[in-house]
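Enquirer: If it helps, the file is called data-v3.csv and holds CSV, C-alpha atoms:
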```csv
chain,number,residue,atom,x,y,z
H,675,MET,CA,-106.3,-17.8,23.4
H,676,ALA,CA,-106.7,-20.0,26.5
H,677,THR,CA,-108.8,-23.2,26.4
H,678,VAL,CA,-111.5,-23.0,28.9
H,679,LYS,CA,-113.4,-26.0,30.3
H,680,VAL,CA,-116.3,-25.9,32.8
H,681,PHE,CA,-117.1,-29.1,34.7
H,682,SER,CA,-120.7,-28.7,35.9
H,683,THR,CA,-124.0,-30.4,36.7
H,684,PRO,CA,-127.3,-29.1,35.3
H,685,THR,CA,-128.7,-28.4,38.8
H,686,CYS,CA,-125.8,-26.6,40.4
H,687,PRO,CA,-126.5,-22.9,40.8
H,688,TYR,CA,-122.9,-21.8,40.8
H,689,CYS,CA,-122.3,-23.7,37.6
H,690,THR,CA,-125.0,-21.7,35.9
H,691,ARG,CA,-123.5,-18.5,37.3
H,692,VAL,CA,-120.0,-19.3,36.1
H,693,LYS,CA,-121.3,-20.1,32.6
H,694,SER,CA,-123.3,-16.9,32.4
H,695,TYR,CA,-120.3,-15.0,33.5
H,696,LEU,CA,-118.1,-16.5,30.8
H,697,ASP,CA,-120.9,-15.8,28.2
H,698,GLU,CA,-121.2,-12.2,29.4
H,699,LYS,CA,-117.4,-11.8,28.9
H,700,ASN,CA,-117.5,-13.5,25.5
H,701,ILE,CA,-115.2,-16.2,26.6
H,702,PRO,CA,-115.8,-19.4,24.6
H,703,PHE,CA,-115.7,-22.6,26.8
H,704,GLU,CA,-116.4,-26.2,26.7
H,705,ASN,CA,-119.1,-27.3,29.1
H,706,ILE,CA,-118.6,-30.8,30.5
H,707,ASP,CA,-121.7,-32.0,32.3
H,708,VAL,CA,-120.4,-34.6,34.8
H,709,ALA,CA,-123.8,-35.9,35.7
H,710,GLY,CA,-124.1,-39.2,33.8
H,711,ASN,CA,-120.6,-38.8,32.4
H,712,PRO,CA,-118.4,-41.0,34.6
H,713,ASN,CA,-115.2,-40.4,32.6
H,714,GLY,CA,-115.7,-36.6,32.7
H,715,LEU,CA,-116.4,-36.8,36.4
H,716,GLN,CA,-113.3,-38.9,37.1
H,717,TYR,CA,-111.2,-36.5,35.1
H,718,MET,CA,-112.5,-33.6,37.1
H,719,ILE,CA,-111.8,-35.4,40.4
H,720,THR,CA,-108.3,-36.3,39.3
H,721,VAL,CA,-107.3,-32.8,38.2
H,722,SER,CA,-109.0,-30.9,41.0
H,723,GLY,CA,-108.5,-33.4,43.9
H,724,GLN,CA,-112.0,-32.9,45.0
H,725,MET,CA,-115.6,-33.6,44.1
H,726,GLY,CA,-117.4,-30.2,44.2
H,727,VAL,CA,-118.7,-28.5,41.1
H,728,PRO,CA,-118.2,-26.2,39.3
H,729,VAL,CA,-114.5,-26.7,38.3
H,730,VAL,CA,-113.1,-24.2,35.8
H,731,MET,CA,-110.0,-25.3,33.9
H,732,ILE,CA,-108.1,-22.6,32.0
H,733,ASP,CA,-105.4,-24.4,30.0
H,734,ASP,CA,-103.9,-26.5,32.8
H,735,TYR,CA,-104.9,-24.2,35.6
H,736,VAL,CA,-107.7,-25.5,37.9
H,737,ILE,CA,-110.1,-23.3,39.7
H,738,VAL,CA,-112.6,-24.9,42.1
H,739,GLY,CA,-115.9,-23.0,42.5
H,740,PHE,CA,-117.0,-19.7,41.0
H,741,ASP,CA,-114.0,-17.6,41.8
H,742,LYS,CA,-114.3,-14.5,39.7
H,743,ASP,CA,-111.0,-13.0,40.9
H,744,LYS,CA,-109.0,-16.1,39.8
H,745,ILE,CA,-110.9,-16.4,36.5
H,746,ASP,CA,-110.3,-12.7,35.7
H,747,ALA,CA,-106.6,-12.9,36.7
H,748,LYS,CA,-106.0,-16.0,34.6
H,749,LEU,CA,-107.9,-14.8,31.5
H,750,GLY,CA,-106.7,-11.2,31.9
H,751,ILE,CA,-110.2,-9.7,31.9
L,697,MET,CA,-114.7,6.8,55.1
L,698,VAL,CA,-118.1,6.2,53.7
L,699,ASP,CA,-121.4,6.8,55.3
L,700,LEU,CA,-122.6,3.2,55.1
L,701,ILE,CA,-121.2,-0.3,54.6
L,702,ILE,CA,-123.6,-3.1,53.7
L,703,VAL,CA,-122.2,-6.5,54.7
L,704,GLY,CA,-123.6,-9.3,52.6
L,705,ALA,CA,-125.2,-9.5,49.2
L,706,GLY,CA,-128.2,-11.9,49.6
L,707,PRO,CA,-131.8,-10.7,49.3
L,708,ALA,CA,-131.4,-8.4,52.3
L,709,GLY,CA,-128.0,-6.9,51.3
L,710,ILE,CA,-128.9,-6.4,47.6
L,711,THR,CA,-132.2,-4.8,48.4
L,712,ALA,CA,-130.4,-2.6,50.9
L,713,GLY,CA,-128.0,-1.7,48.1
L,714,VAL,CA,-130.8,-0.7,45.8
L,715,TYR,CA,-132.4,1.5,48.5
L,716,ALA,CA,-129.1,3.1,49.5
L,717,ALA,CA,-128.3,3.9,45.9
L,718,ARG,CA,-131.7,5.5,45.4
L,719,LYS,CA,-131.3,7.5,48.6
L,720,LYS,CA,-127.9,8.6,47.2
L,721,ILE,CA,-126.1,7.5,50.4
L,722,ASP,CA,-122.3,7.3,50.1
L,723,PHE,CA,-121.9,3.6,50.6
L,724,LEU,CA,-120.2,0.4,49.6
L,725,MET,CA,-121.0,-3.3,49.8
L,726,VAL,CA,-118.7,-6.1,51.0
L,727,SER,CA,-119.7,-9.8,50.5
L,728,GLU,CA,-118.2,-13.2,50.2
L,729,ASP,CA,-120.7,-14.2,47.6
L,730,ILE,CA,-123.7,-12.9,45.6
L,731,GLY,CA,-127.2,-14.3,46.4
L,732,GLY,CA,-126.4,-16.1,49.7
L,733,GLN,CA,-128.7,-19.0,50.4
L,734,THR,CA,-131.1,-17.9,47.6
L,735,ALA,CA,-128.4,-18.8,45.1
L,736,LEU,CA,-128.7,-22.4,46.4
L,737,SER,CA,-132.5,-22.6,46.4
L,738,SER,CA,-133.9,-24.7,43.7
L,739,ASP,CA,-137.4,-23.5,43.1
L,740,VAL,CA,-138.9,-20.3,44.4
L,741,GLU,CA,-142.7,-20.0,44.2
L,742,ASN,CA,-143.5,-17.4,46.8
L,743,TYR,CA,-141.6,-14.2,45.7
L,744,THR,CA,-144.3,-11.8,44.6
L,745,GLY,CA,-144.2,-11.1,40.9
L,746,TYR,CA,-142.7,-14.4,40.1
L,747,GLN,CA,-145.1,-17.4,40.1
L,748,PHE,CA,-142.1,-19.6,39.6
L,749,ILE,CA,-138.4,-18.8,39.4
L,750,THR,CA,-135.2,-20.7,40.3
L,751,GLY,CA,-133.0,-19.3,43.0
L,752,THR,CA,-130.2,-18.7,40.5
L,753,GLU,CA,-132.5,-16.7,38.2
L,754,LEU,CA,-133.9,-14.6,41.1
L,755,VAL,CA,-130.3,-13.8,42.2
L,756,SER,CA,-129.5,-12.7,38.6
L,757,LYS,CA,-132.6,-10.4,38.7
L,758,PHE,CA,-131.4,-9.0,42.0
L,759,GLU,CA,-127.9,-8.4,40.6
L,760,GLU,CA,-129.2,-6.9,37.4
L,761,HIS,CA,-131.3,-4.4,39.5
L,762,LEU,CA,-128.3,-3.5,41.6
L,763,LYS,CA,-126.2,-3.0,38.5
L,764,GLN,CA,-128.6,-0.2,37.4
L,765,PHE,CA,-126.8,1.9,39.9
L,766,ASN,CA,-123.1,2.6,40.2
L,767,VAL,CA,-122.6,0.6,43.3
L,768,GLU,CA,-119.2,-0.2,44.7
L,769,LEU,CA,-119.4,-3.9,45.4
L,770,LYS,CA,-116.5,-5.8,46.9
L,771,ALA,CA,-117.4,-9.3,46.1
L,772,ASN,CA,-115.3,-12.4,47.0
L,773,GLU,CA,-114.4,-10.6,50.2
L,774,ALA,CA,-115.5,-12.3,53.4
L,775,VAL,CA,-115.8,-9.9,56.3
L,776,LYS,CA,-113.7,-11.1,59.2
L,777,ARG,CA,-114.5,-8.6,61.9
L,778,ILE,CA,-116.4,-5.4,62.6
L,779,VAL,CA,-115.1,-3.1,65.3
L,780,LYS,CA,-115.8,0.3,66.7
L,781,ALA,CA,-113.4,3.2,66.6
L,782,ASN,CA,-113.5,6.6,68.2
L,783,ASP,CA,-111.5,9.8,68.4
L,784,SER,CA,-110.8,12.3,71.1
L,785,ALA,CA,-113.4,14.6,69.7
L,786,GLY,CA,-116.1,12.0,70.5
L,787,GLY,CA,-116.5,10.9,66.9
L,788,VAL,CA,-117.6,7.2,66.5
L,789,TRP,CA,-117.2,5.1,63.4
L,790,PHE,CA,-116.8,1.4,62.5
L,791,ILE,CA,-114.1,-0.6,60.8
L,792,VAL,CA,-115.0,-3.5,58.6
L,793,GLU,CA,-112.1,-5.9,58.2
L,794,THR,CA,-111.7,-8.5,55.4
L,795,ALA,CA,-108.6,-10.6,54.6
L,796,LYS,CA,-107.6,-8.1,52.0
L,797,GLU,CA,-108.6,-4.6,53.3
L,798,HIS,CA,-110.3,-2.7,55.9
L,799,TYR,CA,-113.0,-0.2,55.3
L,800,GLU,CA,-114.4,2.6,57.5
L,801,ALA,CA,-117.9,3.8,57.7
L,802,LYS,CA,-120.2,5.9,59.9
L,803,SER,CA,-122.8,3.1,59.9
L,804,VAL,CA,-123.1,-0.5,59.0
L,805,ILE,CA,-125.9,-2.9,57.9
L,806,ILE,CA,-125.1,-6.5,58.7
L,807,ALA,CA,-126.9,-8.8,56.2
L,808,SER,CA,-124.5,-11.7,56.3
L,809,GLY,CA,-127.2,-14.4,56.4
L,810,ARG,CA,-126.8,-18.0,57.6
L,811,ARG,CA,-124.6,-21.0,56.6
L,812,PRO,CA,-125.2,-24.7,57.0
L,813,ARG,CA,-124.7,-26.1,60.5
L,814,TRP,CA,-121.7,-28.5,60.7
L,815,LEU,CA,-121.9,-31.9,62.4
L,816,SER,CA,-118.6,-31.1,64.1
L,817,VAL,CA,-117.4,-34.7,64.0
L,818,LYS,CA,-113.9,-36.0,63.2
L,819,GLY,CA,-113.3,-36.1,59.4
L,820,GLU,CA,-116.0,-33.6,58.5
L,821,GLU,CA,-113.7,-30.6,57.7
L,822,GLY,CA,-111.0,-32.6,55.9
L,823,PHE,CA,-113.5,-34.4,53.6
L,824,ARG,CA,-115.5,-31.2,52.6
L,825,ASN,CA,-115.9,-31.5,48.9
L,826,LYS,CA,-114.2,-34.9,49.1
L,827,GLY,CA,-117.5,-36.7,49.7
L,828,VAL,CA,-119.0,-34.3,52.4
L,829,SER,CA,-121.5,-31.8,51.0
L,830,TYR,CA,-124.0,-29.3,52.3
L,831,CYS,CA,-125.9,-29.0,49.1
L,832,ALA,CA,-127.6,-32.0,47.4
L,833,THR,CA,-128.9,-29.7,44.7
L,834,CYS,CA,-125.4,-28.7,43.8
L,835,ASP,CA,-123.4,-31.9,44.3
L,836,GLY,CA,-126.0,-34.6,44.0
L,837,PRO,CA,-125.3,-35.7,40.4
L,838,VAL,CA,-121.7,-36.3,41.3
L,839,PHE,CA,-122.8,-39.3,43.3
L,840,ALA,CA,-124.8,-41.1,40.6
L,841,GLU,CA,-125.1,-44.8,41.3
L,842,LYS,CA,-123.1,-44.4,44.6
L,843,ILE,CA,-124.0,-45.1,48.1
L,844,VAL,CA,-124.7,-42.0,50.1
L,845,ALA,CA,-126.0,-40.8,53.5
L,846,VAL,CA,-128.1,-37.8,54.3
L,847,ILE,CA,-127.8,-36.7,57.9
L,848,GLY,CA,-130.8,-35.0,59.5
L,849,GLY,CA,-134.5,-35.6,60.0
L,850,GLY,CA,-136.2,-32.4,59.0
L,851,ASN,CA,-137.5,-31.0,55.7
L,852,ALA,CA,-134.1,-30.1,54.3
L,853,ALA,CA,-132.9,-33.7,55.0
L,854,LEU,CA,-136.0,-35.2,53.5
L,855,ASP,CA,-135.6,-32.9,50.4
L,856,ALA,CA,-132.0,-34.1,50.0
L,857,ALA,CA,-133.1,-37.7,50.4
L,858,LEU,CA,-135.8,-37.3,47.8
L,859,GLN,CA,-133.3,-35.8,45.4
L,860,MET,CA,-130.7,-38.5,46.1
L,861,MET,CA,-133.0,-41.5,45.8
L,862,LYS,CA,-133.3,-40.6,42.1
L,863,ILE,CA,-129.6,-40.5,41.6
L,864,ALA,CA,-127.8,-42.7,44.1
L,865,SER,CA,-127.9,-46.5,44.3
L,866,LYS,CA,-128.8,-46.4,48.0
L,867,VAL,CA,-129.5,-43.6,50.5
L,868,TYR,CA,-129.1,-43.9,54.3
L,869,LEU,CA,-131.1,-41.3,56.1
L,870,ILE,CA,-129.3,-40.9,59.5
L,871,ASN,CA,-131.6,-39.3,62.0
L,872,ILE,CA,-130.5,-38.5,65.6
L,873,ASN,CA,-134.1,-38.4,66.8
L,874,PRO,CA,-136.5,-41.4,67.4
L,875,LYS,CA,-138.7,-40.3,64.4
L,876,LEU,CA,-138.4,-38.2,61.3
L,877,SER,CA,-139.9,-34.7,61.6
L,878,GLY,CA,-140.7,-32.6,58.6
L,879,ASP,CA,-143.6,-32.5,56.1
L,880,PRO,CA,-145.7,-35.8,56.2
L,881,VAL,CA,-146.0,-35.9,52.4
L,882,MET,CA,-142.2,-35.9,52.0
L,883,ARG,CA,-141.8,-38.3,54.9
L,884,ASP,CA,-144.2,-40.8,53.3
L,885,LYS,CA,-142.3,-40.7,50.0
L,886,VAL,CA,-139.0,-41.2,51.7
L,887,GLU,CA,-140.2,-44.0,53.9
L,888,SER,CA,-141.9,-45.9,51.1
L,889,SER,CA,-138.8,-45.8,48.8
L,890,ASN,CA,-137.0,-49.1,48.6
L,891,LYS,CA,-133.7,-47.2,48.0
L,892,VAL,CA,-133.9,-45.4,51.3
L,893,GLU,CA,-133.0,-46.9,54.7
L,894,VAL,CA,-133.9,-44.7,57.6
L,895,LEU,CA,-131.8,-45.1,60.7
L,896,ASN,CA,-133.4,-43.4,63.7
L,897,ASN,CA,-131.7,-42.7,67.0
L,898,ALA,CA,-128.4,-42.8,65.1
L,899,VAL,CA,-125.6,-40.5,66.1
L,900,THR,CA,-122.8,-39.7,63.6
L,901,LYS,CA,-119.5,-40.3,65.3
L,902,GLU,CA,-116.9,-40.0,62.5
L,903,ILE,CA,-116.5,-39.6,58.8
L,904,LEU,CA,-114.0,-42.1,57.4
L,905,GLY,CA,-111.8,-42.2,54.3
L,906,ALA,CA,-108.4,-41.7,52.8
L,907,LYS,CA,-108.3,-39.2,50.0
L,908,PHE,CA,-112.1,-39.3,49.7
L,909,VAL,CA,-114.9,-40.4,51.9
L,910,THR,CA,-115.2,-44.2,52.2
L,911,GLY,CA,-117.6,-44.6,55.2
L,912,ILE,CA,-119.3,-43.3,58.2
L,913,LYS,CA,-119.1,-44.4,61.9
L,914,LEU,CA,-122.4,-44.3,63.8
L,915,GLU,CA,-123.7,-45.2,67.2
L,916,GLN,CA,-127.2,-46.6,67.4
L,917,GLY,CA,-128.7,-47.9,70.6
L,918,GLY,CA,-125.3,-48.0,72.3
L,919,VAL,CA,-123.8,-50.0,69.4
L,920,GLU,CA,-121.2,-48.6,67.1
L,921,LYS,CA,-121.2,-49.5,63.5
L,922,GLU,CA,-119.6,-48.5,60.2
L,923,ILE,CA,-121.3,-48.1,56.9
L,924,GLY,CA,-119.3,-48.1,53.6
L,925,LEU,CA,-120.4,-45.2,51.4
L,926,GLN,CA,-119.0,-42.5,49.1
L,927,GLY,CA,-121.1,-39.4,49.8
L,928,ILE,CA,-122.5,-37.6,52.9
L,929,PHE,CA,-125.0,-34.8,52.8
L,930,VAL,CA,-125.2,-32.8,56.0
L,931,GLU,CA,-128.7,-31.3,56.4
L,932,ILE,CA,-129.0,-30.4,60.1
L,933,GLY,CA,-130.1,-26.8,59.9
L,934,SER,CA,-128.2,-23.5,59.7
L,935,VAL,CA,-126.4,-21.0,61.9
L,936,PRO,CA,-126.3,-17.2,61.6
L,937,ASN,CA,-123.1,-15.6,60.3
L,938,SER,CA,-122.9,-13.3,63.3
L,939,GLY,CA,-119.5,-14.2,64.6
L,940,ILE,CA,-118.0,-11.2,62.8
L,941,ILE,CA,-119.3,-8.8,65.4
L,942,ASP,CA,-119.2,-8.7,69.2
L,943,LEU,CA,-120.6,-5.2,69.6
L,944,VAL,CA,-124.2,-6.1,69.4
L,945,LYS,CA,-126.7,-8.2,71.5
L,946,LYS,CA,-127.6,-11.6,70.2
L,947,ASN,CA,-130.1,-14.2,71.2
L,948,ASN,CA,-129.3,-17.8,72.4
L,949,GLY,CA,-129.1,-19.0,68.8
L,950,GLY,CA,-126.5,-16.3,67.9
L,951,GLU,CA,-129.0,-14.2,65.9
L,952,ILE,CA,-128.5,-10.4,66.1
L,953,ILE,CA,-131.4,-8.8,68.0
L,954,VAL,CA,-133.0,-6.0,66.1
L,955,ASP,CA,-136.0,-3.7,66.8
L,956,ASN,CA,-138.7,-2.9,64.3
L,957,LEU,CA,-136.4,-0.2,62.7
L,958,ASN,CA,-133.6,-2.8,62.3
L,959,ARG,CA,-131.5,-1.1,64.9
L,960,THR,CA,-129.2,-3.4,67.0
L,961,SER,CA,-128.1,-2.6,70.5
L,962,GLU,CA,-125.2,-0.6,69.1
L,963,PRO,CA,-126.2,2.8,67.6
L,964,GLY,CA,-125.1,3.0,64.0
L,965,ILE,CA,-125.1,-0.8,63.5
L,966,PHE,CA,-128.2,-2.1,61.8
L,967,ALA,CA,-129.0,-5.7,60.8
L,968,ALA,CA,-131.3,-7.4,58.3
L,969,GLY,CA,-132.4,-10.8,56.9
L,970,ASP,CA,-131.6,-14.3,58.2
L,971,VAL,CA,-128.8,-13.2,60.5
L,972,THR,CA,-131.3,-11.4,62.7
L,973,ASP,CA,-133.8,-12.7,65.2
L,974,VAL,CA,-136.7,-11.9,62.9
L,975,PRO,CA,-138.4,-15.3,63.0
L,976,GLU,CA,-139.4,-15.9,59.4
L,977,LYS,CA,-136.5,-16.9,57.2
L,978,GLN,CA,-138.0,-16.1,53.8
L,979,ILE,CA,-136.4,-14.4,50.7
L,980,ILE,CA,-139.1,-11.8,50.6
L,981,VAL,CA,-139.0,-11.1,54.3
L,982,ALA,CA,-135.2,-10.7,54.1
L,983,ALA,CA,-135.6,-8.3,51.1
L,984,GLY,CA,-138.1,-6.2,53.0
L,985,GLU,CA,-135.9,-6.1,56.1
L,986,GLY,CA,-133.0,-4.9,53.9
L,987,ALA,CA,-135.1,-2.0,52.7
L,988,LYS,CA,-136.1,-1.1,56.3
L,989,ALA,CA,-132.5,-1.3,57.5
L,990,VAL,CA,-131.4,1.3,54.9
L,991,LEU,CA,-134.3,3.6,55.8
L,992,GLY,CA,-133.2,3.2,59.4
L,993,ALA,CA,-129.6,4.0,58.6
L,994,PHE,CA,-130.6,7.0,56.5
L,995,ARG,CA,-132.5,8.4,59.5
L,996,TYR,CA,-129.4,7.7,61.8
L,997,LEU,CA,-127.0,9.4,59.4
L,998,ALA,CA,-129.3,12.4,59.2
L,999,GLY,CA,-129.1,12.6,63.0
L,1000,LEU,CA,-132.6,11.6,63.5
L,1001,GLY,CA,-131.9,8.5,65.7
```
What is this structure when it is put down as structure tokens?
Expert:
Amino acid sequence: MATVKVFSTPTCPYCTRVKSYLDEKNIPFENIDVAGNPNGLQYMITVSGQMGVPVVMIDDYVIVGFDKDKIDAKLGI
Amino acid sequence: MVDLIIVGAGPAGITAGVYAARKKIDFLMVSEDIGGQTALSSDVENYTGYQFITGTELVSKFEEHLKQFNVELKANEAVKRIVKANDSAGGVWFIVETAKEHYEAKSVIIASGRRPRWLSVKGEEGFRNKGVSYCATCDGPVFAEKIVAVIGGGNAALDAALQMMKIASKVYLININPKLSGDPVMRDKVESSNKVEVLNNAVTKEILGAKFVTGIKLEQGGVEKEIGLQGIFVEIGSVPNSGIIDLVKKNNGGEIIVDNLNRTSEPGIFAAGDVTDVPEKQIIVAAGEGAKAVLGAFRYLAGLG
């Protein structure tokens, strides 16, 4: 099974939506709250080349924003 | 071909979807996102039935309601263009084009909402999500202990400045006008904060940086200056997403002109919500307009005008 990470902030609406979507599909994921977590934030910026949240990482594949089509394709759901 | 296509899935589009499903209209919905601007609203305290709800939660409620019906929703598909077609027998229909597909319908409801107004200065587009943001609620925490600027002088800008003064090390509020406008209570809070520096009569000229934003170039009183910073929040209002259609009349602000039955100047094309010239931009108003638009389209499809 793919390792799924979600880089998010507590206040970002699309972060909440992406997390509920993964919950709904029963996909376990690690939530990395980048607010007040400079290392996590720096890692997100390095892998995604940008500063917007959410970022979804499926194994090594990086998806910026809540892009249902890309998430579905990558997870085969 | 379907009878109706609803473009957009914010409060107006989703309410239209619920009404169209209940009227058993043969329809589909096409939208870039779900929830529109409501998804980005922090707290909603004026949607009847909810004394307090966040924008995200309200959108989930809308979506849940829509999912009660078997609605064909093409999400993640931005509409590029809506054009009219006709055949030799005098039949008229509309083609809704996205990057992936084109869809045909006898009638269309445009509920495409509004998007943030851009500054339209050098560097803005290239540094989007690389220091330039249009949503302090979303991206604010990324700029913890950083220096940021909020551009604008109205309520949205004041709200962004109030959010950022709790997070950033310093906030420049860059206002093109001689004075801040917006709510006096918010203005007082911003002006009395020692973290916020208000620059009035300041025109943004350029956003500077390499891979990410490193500064901003301004002109204030005929003098150009540069400020080093990491984040820029643009809060200078919004524009209607009406560029997808040329068939209908619009006002000077680009809003689609509708009558009280949500009819546009083109028979068969209806519009609802913040993309229209209806003056009040409110979630509940948009939802009501979405309902009205479907009832109008239903009448049109029945040949009743």
Enquirer: Quick one, how far is CA of Arg718 in chain L from CA of Ile806 in chain L?
Expert: 19.1 Å
Enquirer: May I ask for the distance between CA of Ala771 in chain L and CA of Gln978 in chain L, given in Å to one decimal place?
Expert: 23.0 Å
Enquirer: Any chance you could tabulate, as CSV, the residues of range 734-810 of chain L at most 8 Å from range 682-688 of chain H with each one's nearest atom pair and distance in Å to one decimal, using all atoms listed in the file, in chain and rising number order?
Expert:
```
residue,atom,partner,partner_atom,distance
L:Ala735,CA,H:Pro687,CA,6.2
L:Leu736,CA,H:Pro687,CA,6.0
L:Gly751,CA,H:Pro687,CA,7.7
L:Thr752,CA,H:Pro687,CA,5.6
```
Enquirer: Would you mind telling me which residue in H:Cys689, H:Ala676, H:Leu715, H:Val727 lies nearest to Phe703 in chain H when using all atoms listed in the file?
Expert: H:Ala676
Enquirer: Hey, can you pull every residue with an atom no more than 6 Å from (-130.7, -1.0, 51.9), using all atoms listed in the file, and send it as a list in words?
Expert: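 Using all atoms listed in the file, the matching residues come out as Thr711, Ala712, Gly713, Tyr715, Ala716, Gly986, Ala987, Ala989 and Val990 of chain L.
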Enquirer: Counting all atoms listed in the file, which residues have an atom no more than 7 Å from (-126.1, -41.7, 66.7) in the file's coordinates? Please list them as a ChimeraX atom specification.
Expert: /L:872,897-901,914-916
Enquirer: Considering all atoms listed in the file, extract the chain L residues located within 7 Å of chain H and return them as number ranges by chain.
Expert: L: 735-736, 752, 825-827, 833-835, 837-838
Enquirer: Quick one: of H:Met675, H:Val680, H:Ala747, H:Val692, who's nearest to Val729 in chain H, counting all atoms listed in the file?
Expert: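 For Val729 in chain H, the nearest of the candidates is H:Val680.
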Enquirer: Can you pull out the residues contacting Val892 in chain L? Cut-off 7 Å, using only C-alpha atoms, and skip same-chain residues under 4 positions away; I want them as a ChimeraX atom specification.
Expert: /L:861,866-869,886-887
Enquirer: Using Å and a single decimal, report how far CA of Glu902 in chain L sits from CA of Gly836 in chain L.
Expert: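 We find that CA of Gly836 in chain L and CA of Glu902 in chain L lie 21.3 Å from each other.
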Enquirer: For Glu951 in chain L, please output as an MDAnalysis selection string all residues within 8 Å (counting all atoms listed in the file; exclusion window: fewer than 4 positions along the same chain).
Expert: chainID L and resid 936 938 946:947 971:973
Enquirer: Measuring atom to atom with only C-alpha atoms, identify which of H:Asp733, H:Asn713, H:Lys693, H:Val721 is nearest to Val678 in chain H.
Expert: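 Of all the options, H:Asp733 lies closest to Val678 in chain H.
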Enquirer: Between L:Gly819, L:Ala967, L:Ala840, L:Glu962, which residue has the minimum interatomic distance to Gly905 in chain L, considering all atoms listed in the file?
Expert: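 For Gly905 in chain L, the nearest of the candidates is L:Gly819.
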Enquirer: Taking into account all atoms listed in the file, which residue in the set L:Ile980, L:Phe839, L:Gly964, L:Leu943 is nearest to Val740 in chain L?
Expert: L:Ile980
Enquirer: Find the residues near Ile730 in chain L: any atom within 12 Å, counting only C-alpha atoms, skip ones fewer than 6 places away on the same chain, and give them as an mmCIF file with C-alpha atoms, in the frame of the given file.
Expert:
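Contents of the output file selection_3.cif:
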```
data_model
loop_
_atom_site.group_PDB
_atom_site.id
_atom_site.type_symbol
_atom_site.label_atom_id
_atom_site.label_comp_id
_atom_site.auth_asym_id
_atom_site.auth_seq_id
_atom_site.Cartn_x
_atom_site.Cartn_y
_atom_site.Cartn_z
ATOM 1 C CA PRO H 687 -126.500 -22.900 40.800
ATOM 2 C CA TYR H 688 -122.900 -21.800 40.800
ATOM 3 C CA ARG H 691 -123.500 -18.500 37.300
ATOM 4 C CA PHE H 740 -117.000 -19.700 41.000
ATOM 5 C CA ASP H 741 -114.000 -17.600 41.800
ATOM 6 C CA LYS H 742 -114.300 -14.500 39.700
ATOM 7 C CA VAL L 703 -122.200 -6.500 54.700
ATOM 8 C CA GLY L 704 -123.600 -9.300 52.600
ATOM 9 C CA ALA L 705 -125.200 -9.500 49.200
ATOM 10 C CA GLY L 706 -128.200 -11.900 49.600
ATOM 11 C CA PRO L 707 -131.800 -10.700 49.300
ATOM 12 C CA ALA L 708 -131.400 -8.400 52.300
ATOM 13 C CA GLY L 709 -128.000 -6.900 51.300
ATOM 14 C CA ILE L 710 -128.900 -6.400 47.600
ATOM 15 C CA LEU L 736 -128.700 -22.400 46.400
ATOM 16 C CA GLY L 751 -133.000 -19.300 43.000
ATOM 17 C CA THR L 752 -130.200 -18.700 40.500
ATOM 18 C CA LEU L 754 -133.900 -14.600 41.100
ATOM 19 C CA VAL L 755 -130.300 -13.800 42.200
ATOM 20 C CA SER L 756 -129.500 -12.700 38.600
ATOM 21 C CA LYS L 757 -132.600 -10.400 38.700
ATOM 22 C CA PHE L 758 -131.400 -9.000 42.000
ATOM 23 C CA GLU L 759 -127.900 -8.400 40.600
ATOM 24 C CA GLU L 760 -129.200 -6.900 37.400
ATOM 25 C CA LEU L 762 -128.300 -3.500 41.600
ATOM 26 C CA LEU L 769 -119.400 -3.900 45.400
ATOM 27 C CA LYS L 770 -116.500 -5.800 46.900
ATOM 28 C CA ALA L 771 -117.400 -9.300 46.100
ATOM 29 C CA ASN L 772 -115.300 -12.400 47.000
ATOM 30 C CA GLU L 773 -114.400 -10.600 50.200
ATOM 31 C CA ALA L 774 -115.500 -12.300 53.400
ATOM 32 C CA ALA L 807 -126.900 -8.800 56.200
ATOM 33 C CA SER L 808 -124.500 -11.700 56.300
ATOM 34 C CA GLY L 809 -127.200 -14.400 56.400
#
```
Enquirer: Extract, using all atoms listed in the file, all DNA, RNA and protein residues at most 7 Å from Ser865 in chain L, discarding same-chain residues fewer than 4 positions from it, and format them as number ranges by chain.
Expert: L: 841-843, 891
